[in-house]
$ cat data06.txt   # compact mmCIF, C-alpha atoms and all ligand atoms
# COMPACT_ATOMS: atom_id res chain seq x y z
CA MET A 21 90.64 -47.01 48.85
CA LEU A 22 88.60 -45.46 46.02
CA PRO A 23 84.82 -45.69 46.28
CA ASN A 24 82.85 -47.38 43.53
CA THR A 25 81.00 -44.20 42.53
CA LEU A 26 80.27 -42.00 39.54
CA PHE A 27 81.45 -38.77 41.14
CA MET A 28 81.29 -38.93 44.96
CA GLY A 29 84.88 -38.98 46.23
CA GLN A 30 86.43 -39.32 42.77
CA GLN A 31 88.30 -36.10 43.56
CA LEU A 32 89.76 -36.56 47.02
CA PHE A 33 92.12 -34.40 49.07
CA PHE A 34 93.66 -36.09 52.08
CA LEU A 35 95.18 -33.78 54.68
CA PRO A 36 96.89 -35.51 57.65
CA VAL A 37 96.02 -32.49 59.84
CA CYS A 38 93.85 -29.43 59.20
CA GLU A 39 91.75 -26.93 61.13
CA SER A 40 88.42 -28.07 59.73
CA THR A 41 87.59 -30.02 56.58
CA ASN A 42 84.54 -27.79 56.07
CA SER A 43 86.81 -24.73 56.05
CA GLU A 44 89.27 -26.46 53.68
CA ALA A 45 86.37 -27.34 51.36
CA GLN A 46 85.27 -23.70 51.44
CA GLN A 47 88.75 -22.67 50.29
CA LEU A 48 88.65 -25.17 47.41
CA LEU A 49 85.33 -23.69 46.30
CA ILE A 50 86.68 -20.15 46.45
CA LYS A 51 89.70 -21.17 44.38
CA ASN A 52 87.45 -22.99 41.90
CA LYS A 53 89.35 -26.22 42.45
CA ALA A 54 86.49 -28.53 43.28
CA THR A 55 84.20 -30.59 41.10
CA GLU A 56 80.92 -32.01 42.42
CA GLY A 57 81.51 -34.81 44.90
CA CYS A 58 84.97 -33.56 45.84
CA VAL A 59 85.99 -34.82 49.29
CA VAL A 60 88.32 -33.36 51.89
CA LEU A 61 89.40 -36.06 54.31
CA THR A 62 91.58 -35.71 57.37
CA ASP A 63 92.99 -37.72 60.27
CA GLU A 64 92.93 -34.78 62.65
CA GLN A 65 91.11 -31.48 62.95
CA THR A 66 92.51 -28.77 65.19
CA ARG A 67 89.38 -26.58 65.03
CA GLY A 68 86.60 -28.96 64.08
CA ARG A 69 83.23 -27.26 63.97
CA GLY A 70 79.85 -28.56 65.07
CA GLN A 71 76.34 -27.19 64.98
CA ARG A 72 75.15 -24.33 67.20
CA GLY A 73 78.69 -22.88 67.12
CA ASN A 74 80.03 -25.87 69.08
CA SER A 75 83.41 -27.42 68.47
CA TRP A 76 83.79 -30.99 67.19
CA GLU A 77 86.38 -33.08 69.02
CA ALA A 78 87.61 -36.44 67.74
CA ALA A 79 90.71 -38.51 68.56
CA PRO A 80 93.22 -38.35 65.65
CA GLY A 81 93.21 -41.24 63.17
CA LYS A 82 90.37 -43.14 64.78
CA ASN A 83 87.26 -41.65 63.22
CA ILE A 84 85.65 -40.48 59.99
CA THR A 85 86.21 -36.77 59.52
CA LEU A 86 85.41 -35.46 56.08
CA SER A 87 83.59 -32.89 53.99
CA VAL A 88 81.94 -33.35 50.62
CA ILE A 89 81.29 -30.54 48.16
CA LEU A 90 77.96 -30.78 46.36
CA SER A 91 76.07 -28.55 43.94
CA PRO A 92 72.38 -29.17 44.64
CA VAL A 93 71.24 -26.47 42.21
CA PHE A 94 68.09 -28.54 41.57
CA LEU A 95 66.96 -27.92 45.15
CA ALA A 96 64.85 -24.87 46.02
CA VAL A 97 66.13 -22.95 49.01
CA ARG A 98 62.93 -23.75 50.90
CA HIS A 99 63.57 -27.45 50.32
CA GLN A 100 67.13 -27.46 51.58
CA PHE A 101 66.25 -29.71 54.51
CA TYR A 102 65.81 -32.60 52.09
CA LEU A 103 69.58 -32.57 51.69
CA ASN A 104 69.92 -33.00 55.47
CA MET A 105 67.56 -35.96 55.21
CA ALA A 106 69.47 -37.59 52.34
CA VAL A 107 72.84 -37.19 54.10
CA SER A 108 71.51 -38.41 57.46
CA LEU A 109 70.05 -41.48 55.77
CA ALA A 110 73.34 -42.23 54.01
CA VAL A 111 75.22 -42.25 57.33
CA LEU A 112 72.44 -44.30 58.85
CA ASP A 113 72.67 -46.79 55.94
CA LEU A 114 76.35 -47.23 56.81
CA LEU A 115 75.64 -47.77 60.51
CA ARG A 116 72.93 -50.30 59.76
CA GLU A 117 75.21 -52.17 57.35
CA GLN A 118 77.66 -52.46 60.23
CA GLY A 119 75.01 -54.16 62.32
CA LEU A 120 73.62 -51.15 64.18
CA GLU A 121 70.03 -51.84 63.19
CA GLN A 122 68.77 -49.69 66.03
CA ALA A 123 70.73 -46.57 65.04
CA GLN A 124 68.56 -43.49 64.59
CA VAL A 125 68.65 -39.89 63.44
CA LYS A 126 68.16 -37.26 66.08
CA TRP A 127 66.64 -34.22 64.43
CA PRO A 128 67.99 -32.45 62.56
CA ASN A 129 70.94 -34.69 61.70
CA ASP A 130 72.74 -36.35 64.57
CA LEU A 131 73.35 -40.07 64.51
CA TYR A 132 72.28 -41.79 67.69
CA PHE A 133 72.44 -45.22 69.20
CA GLU A 134 70.54 -45.85 72.42
CA ASP A 135 70.59 -42.25 73.69
CA LYS A 136 74.24 -41.75 72.74
CA LYS A 137 75.70 -39.75 69.90
CA LEU A 138 77.72 -41.62 67.27
CA GLY A 139 78.20 -38.76 64.88
CA GLY A 140 77.09 -35.43 63.55
CA ILE A 141 76.64 -33.56 60.31
CA LEU A 142 77.33 -29.91 59.58
CA ILE A 143 75.93 -28.69 56.27
CA GLU A 144 76.89 -25.21 55.08
CA ASN A 145 75.00 -23.92 52.06
CA THR A 146 75.52 -21.06 49.69
CA VAL A 147 72.34 -20.01 47.94
CA THR A 148 71.26 -17.85 45.02
CA SER A 149 67.86 -16.13 45.09
CA HIS A 150 66.02 -19.36 44.24
CA SER A 151 68.15 -22.43 44.63
CA LEU A 152 71.10 -23.89 46.43
CA GLN A 153 74.41 -23.25 44.76
CA HIS A 154 76.94 -25.21 46.80
CA SER A 155 76.71 -27.33 49.90
CA ILE A 156 79.59 -28.34 52.06
CA VAL A 157 78.53 -31.50 53.84
CA GLY A 158 80.73 -32.14 56.87
CA ILE A 159 80.46 -35.56 58.48
CA GLY A 160 82.03 -36.63 61.75
CA LEU A 161 81.47 -40.25 62.73
CA ASN A 162 83.01 -41.91 65.77
CA VAL A 163 84.49 -45.20 64.61
CA ASN A 164 87.33 -46.59 66.73
CA GLN A 165 87.48 -44.08 69.58
CA LEU A 166 86.61 -45.69 72.90
CA HIS A 167 87.09 -42.88 75.40
CA PHE A 168 85.19 -39.62 75.25
CA GLY A 169 85.23 -36.41 77.26
CA ILE A 170 81.45 -36.57 77.50
CA GLY A 171 79.31 -39.47 78.67
CA THR A 172 76.73 -38.98 75.92
CA ALA A 173 79.08 -40.00 73.08
CA THR A 174 79.77 -43.44 71.69
CA SER A 175 81.37 -45.04 68.62
CA LEU A 176 80.85 -47.91 66.23
CA ALA A 177 83.67 -49.89 67.88
CA ALA A 178 82.22 -49.31 71.35
CA VAL A 179 78.90 -50.73 70.17
CA VAL A 180 80.09 -53.67 68.05
CA GLY A 181 83.05 -54.55 70.27
CA THR A 182 85.75 -54.66 67.56
CA GLN A 183 87.92 -52.13 65.77
CA LEU A 184 86.96 -51.29 62.19
CA ASP A 185 88.80 -50.29 59.03
CA VAL A 186 88.20 -46.52 58.79
CA LYS A 187 89.38 -46.23 55.15
CA ARG A 188 87.02 -48.97 54.00
CA LEU A 189 84.16 -47.31 55.86
CA VAL A 190 84.92 -43.95 54.23
CA ALA A 191 84.74 -45.53 50.78
CA ARG A 192 81.46 -47.26 51.62
CA LEU A 193 80.01 -44.06 53.11
CA LEU A 194 80.74 -42.20 49.87
CA GLU A 195 78.98 -44.91 47.87
CA LEU A 196 75.92 -44.73 50.11
CA LEU A 197 75.99 -40.94 50.03
CA GLU A 198 76.01 -40.93 46.24
CA LYS A 199 73.04 -43.31 46.22
CA ARG A 200 71.01 -41.10 48.56
CA TYR A 201 72.05 -37.92 46.74
CA LEU A 202 70.94 -39.40 43.43
CA GLU A 203 67.57 -40.23 45.00
CA LEU A 204 67.29 -36.60 46.02
CA ARG A 205 68.38 -35.38 42.59
CA SER A 206 65.79 -37.57 40.87
CA GLY A 207 63.02 -36.10 43.03
CA LYS A 208 62.40 -39.01 45.41
CA VAL A 209 61.71 -36.63 48.27
CA ASP A 210 58.65 -38.51 49.58
CA LYS A 211 60.72 -41.68 49.93
CA LEU A 212 63.50 -39.80 51.71
CA LYS A 213 61.06 -38.11 54.06
CA TYR A 214 59.30 -41.39 54.83
CA GLU A 215 62.56 -43.15 55.64
CA TYR A 216 63.85 -40.20 57.64
CA LEU A 217 60.73 -40.16 59.82
CA ARG A 218 60.89 -43.91 60.29
CA ALA A 219 64.44 -43.52 61.56
CA LEU A 220 63.74 -40.49 63.73
CA TYR A 221 64.84 -40.66 67.36
CA ARG A 222 61.89 -40.31 69.76
CA TYR A 223 59.36 -40.17 66.91
CA GLN A 224 55.81 -40.20 68.29
CA GLU A 225 56.99 -40.91 71.83
CA PRO A 226 56.38 -38.60 74.80
CA HIS A 227 59.60 -37.04 76.16
CA ASP A 228 60.86 -33.86 77.83
CA TYR A 229 62.18 -30.87 75.89
CA GLN A 230 63.60 -27.50 76.83
CA VAL A 231 61.85 -24.56 75.16
CA GLY A 232 63.42 -21.31 76.35
CA GLN A 233 63.26 -21.40 80.15
CA GLU A 234 60.46 -23.92 80.12
CA LYS A 235 60.58 -27.70 80.34
CA VAL A 236 57.76 -29.22 78.30
CA ARG A 237 56.55 -32.75 77.66
CA GLY A 238 55.94 -33.33 74.00
CA CYS A 239 55.68 -35.82 71.19
CA ILE A 240 57.59 -35.41 67.92
CA MET A 241 55.02 -35.65 65.12
CA GLY A 242 57.22 -34.83 62.14
CA VAL A 243 59.33 -32.25 60.39
CA ASP A 244 57.85 -29.56 58.14
CA GLU A 245 59.03 -28.34 54.69
CA ASP A 246 61.43 -25.86 56.33
CA GLY A 247 62.97 -28.59 58.46
CA ARG A 248 61.28 -27.36 61.65
CA LEU A 249 60.45 -29.94 64.28
CA ALA A 250 56.72 -30.51 64.81
CA LEU A 251 56.16 -31.14 68.50
CA GLU A 252 52.78 -31.87 69.99
CA VAL A 253 52.52 -30.28 73.42
CA ALA A 254 49.29 -30.56 75.43
CA GLY A 255 47.32 -31.56 72.34
CA GLU A 256 48.63 -28.66 70.21
CA LEU A 257 51.17 -28.79 67.40
CA HIS A 258 54.12 -26.36 67.65
CA TYR A 259 56.92 -25.92 65.12
CA PHE A 260 60.47 -25.28 66.30
CA ALA A 261 63.53 -24.14 64.40
CA PHE A 262 66.86 -25.71 65.34
CA LYS A 263 67.88 -23.30 68.09
CA GLU A 264 64.43 -23.00 69.62
CA VAL A 265 64.18 -26.42 71.24
CA ALA A 266 66.59 -28.78 73.01
CA TYR A 267 66.20 -32.43 73.84
CA ILE A 268 66.38 -33.38 77.50
CA ILE A 269 68.13 -36.73 77.47
C1 LIG A 301 77.49 -31.65 65.15
O1 LIG A 301 77.06 -32.70 65.58
O2 LIG A 301 77.42 -30.61 65.81
C2 LIG A 301 78.06 -31.62 63.76
C3 LIG A 301 79.46 -32.12 63.76
C4 LIG A 301 80.11 -32.09 62.39
C5 LIG A 301 81.57 -32.46 62.45
C6 LIG A 301 82.18 -32.59 61.09
S1 LIG A 301 83.77 -33.34 61.17
C7 LIG A 301 84.07 -32.95 59.50
C8 LIG A 301 83.48 -31.56 59.25
N1 LIG A 301 84.44 -30.54 59.57
C9 LIG A 301 84.07 -29.79 60.60
O3 LIG A 301 84.72 -28.85 61.08
N2 LIG A 301 82.88 -30.22 61.07
C10 LIG A 301 82.37 -31.32 60.29
$ encode --input "data06.txt" --output "structure tokens"
Amino acid sequence: MLPNTLFMGQQLFFLPVCESTNSEAQQLLIKNKATEGCVVLTDEQTRGRGQRGNSWEAAPGKNITLSVILSPVFLAVRHQFYLNMAVSLAVLDLLREQGLEQAQVKWPNDLYFEDKKLGGILIENTVTSHSLQHSIVGIGLNVNQLHFGIGTATSLAAVVGTQLDVKRLVARLLELLEKRYLELRSGKVDKLKYEYLRALYRYQEPHDYQVGQEKVRGCIMGVDEDGRLALEVAGELHYFAFKEVAYII
């Protein structure tokens, strides 16, 4: 099913099985075979990659597993987190359209529903001295899978109670992604940031976090220009990069 887009997903490679769609997308870039918006879609990854060097596991044929190649050359390296915001919001738009009004984004870009993870995003950028050159945006979204190895995962079907059409959802996701990406490209960063914060899991609520060996109680107050999490702990604001803080859920 082709998406109704200008460029997102108009070039699409479907691989029944592959190691990782992000790695396949990387190969397409190296071989100069990809135009902006090119998508690599698969039913099954044998070495799916997640953030923090984790693996990404998903039951074959039941979920959304894809990578999109973008060229956000208009984005300064120091503003690269705005791409994470735009992509997170696009996936969130899809979830909300499917009736998951309460879905949220867990910083930096996990999709959550009631303390459970629905999906994740792995963005790999290549940069020049000033701006982004290419971004490989990998999206894994649990759609029809009902059984998970870990208790903290869930899926759209588990929440809504019916199986969904994965192909139709992929097409819709690409439409929503193009819309958000065009907002980013036209400089609507304040809008994106506002919506991202409004959708942020645990925003302005006191919760426990792991910082090194220490457990701290803190309140998320925002995200800075570099994408660091602003956490208020004992009345003081601290900024954490991705690997420096973990949520205790
Ligand atoms: C995370 O939550 O840690 C990010 C998960 C990202 C998974 C997707 S699935 C498609 C793409 N290919 C990969 O190898 N990873 C991403």
$ closest_residue --input "data06.txt" --among "A:Asp246, A:Glu39, A:Asp113, A:Glu256" --to "ligand LIG 301 (chain A)" --atoms "all atoms listed in the file"
A:Glu39
$ axis_aligned_box --input "data06.txt" --around "ligand LIG 301 (chain A)" --padding-each-side "5 Å" --output "JSON"
{"center_x": 80.9, "center_y": -31.1, "center_z": 62.5, "size_x": 17.7, "size_y": 14.5, "size_z": 16.6}
$ residues_near_ligand --input "data06.txt" --ligand "ligand LIG 301 (chain A)" --cutoff "9 Å" --atoms "all atoms listed in the file" --output "PDB file with C-alpha atoms, in the frame of the given file"
ATOM      1  CA  GLU A  39      91.750 -26.930  61.130  1.00  0.00           C
ATOM      2  CA  SER A  40      88.420 -28.070  59.730  1.00  0.00           C
ATOM      3  CA  THR A  41      87.590 -30.020  56.580  1.00  0.00           C
ATOM      4  CA  ASN A  42      84.540 -27.790  56.070  1.00  0.00           C
ATOM      5  CA  SER A  43      86.810 -24.730  56.050  1.00  0.00           C
ATOM      6  CA  GLU A  44      89.270 -26.460  53.680  1.00  0.00           C
ATOM      7  CA  VAL A  60      88.320 -33.360  51.890  1.00  0.00           C
ATOM      8  CA  LEU A  61      89.400 -36.060  54.310  1.00  0.00           C
ATOM      9  CA  THR A  62      91.580 -35.710  57.370  1.00  0.00           C
ATOM     10  CA  GLN A  65      91.110 -31.480  62.950  1.00  0.00           C
ATOM     11  CA  THR A  66      92.510 -28.770  65.190  1.00  0.00           C
ATOM     12  CA  ARG A  67      89.380 -26.580  65.030  1.00  0.00           C
ATOM     13  CA  GLY A  68      86.600 -28.960  64.080  1.00  0.00           C
ATOM     14  CA  ARG A  69      83.230 -27.260  63.970  1.00  0.00           C
ATOM     15  CA  GLY A  70      79.850 -28.560  65.070  1.00  0.00           C
ATOM     16  CA  GLN A  71      76.340 -27.190  64.980  1.00  0.00           C
ATOM     17  CA  ARG A  72      75.150 -24.330  67.200  1.00  0.00           C
ATOM     18  CA  GLY A  73      78.690 -22.880  67.120  1.00  0.00           C
ATOM     19  CA  ASN A  74      80.030 -25.870  69.080  1.00  0.00           C
ATOM     20  CA  SER A  75      83.410 -27.420  68.470  1.00  0.00           C
ATOM     21  CA  TRP A  76      83.790 -30.990  67.190  1.00  0.00           C
ATOM     22  CA  GLU A  77      86.380 -33.080  69.020  1.00  0.00           C
ATOM     23  CA  ALA A  78      87.610 -36.440  67.740  1.00  0.00           C
ATOM     24  CA  ILE A  84      85.650 -40.480  59.990  1.00  0.00           C
ATOM     25  CA  THR A  85      86.210 -36.770  59.520  1.00  0.00           C
ATOM     26  CA  LEU A  86      85.410 -35.460  56.080  1.00  0.00           C
ATOM     27  CA  SER A  87      83.590 -32.890  53.990  1.00  0.00           C
ATOM     28  CA  VAL A  88      81.940 -33.350  50.620  1.00  0.00           C
ATOM     29  CA  ASN A 129      70.940 -34.690  61.700  1.00  0.00           C
ATOM     30  CA  ASP A 130      72.740 -36.350  64.570  1.00  0.00           C
ATOM     31  CA  LEU A 131      73.350 -40.070  64.510  1.00  0.00           C
ATOM     32  CA  LYS A 137      75.700 -39.750  69.900  1.00  0.00           C
ATOM     33  CA  GLY A 139      78.200 -38.760  64.880  1.00  0.00           C
ATOM     34  CA  GLY A 140      77.090 -35.430  63.550  1.00  0.00           C
ATOM     35  CA  ILE A 141      76.640 -33.560  60.310  1.00  0.00           C
ATOM     36  CA  LEU A 142      77.330 -29.910  59.580  1.00  0.00           C
ATOM     37  CA  ILE A 143      75.930 -28.690  56.270  1.00  0.00           C
ATOM     38  CA  ILE A 156      79.590 -28.340  52.060  1.00  0.00           C
ATOM     39  CA  VAL A 157      78.530 -31.500  53.840  1.00  0.00           C
ATOM     40  CA  GLY A 158      80.730 -32.140  56.870  1.00  0.00           C
ATOM     41  CA  ILE A 159      80.460 -35.560  58.480  1.00  0.00           C
ATOM     42  CA  GLY A 160      82.030 -36.630  61.750  1.00  0.00           C
ATOM     43  CA  LEU A 161      81.470 -40.250  62.730  1.00  0.00           C
TER      44      LEU A 161
END
$ closest_residue --input "data06.txt" --among "A:Tyr221, A:Phe260, A:Tyr229, A:Tyr201" --to "Tyr102 in chain A" --atoms "only C-alpha atoms"
A:Tyr201
$ closest_residue --input "data06.txt" --among "A:Ser155, A:His150, A:Trp127, A:Glu234" --to "Ala54 in chain A" --atoms "all atoms listed in the file"
A:Ser155
$ atom_distance --input "data06.txt" --atom1 "CA of Arg192 in chain A" --atom2 "CA of Met21 in chain A"
9.6 Å
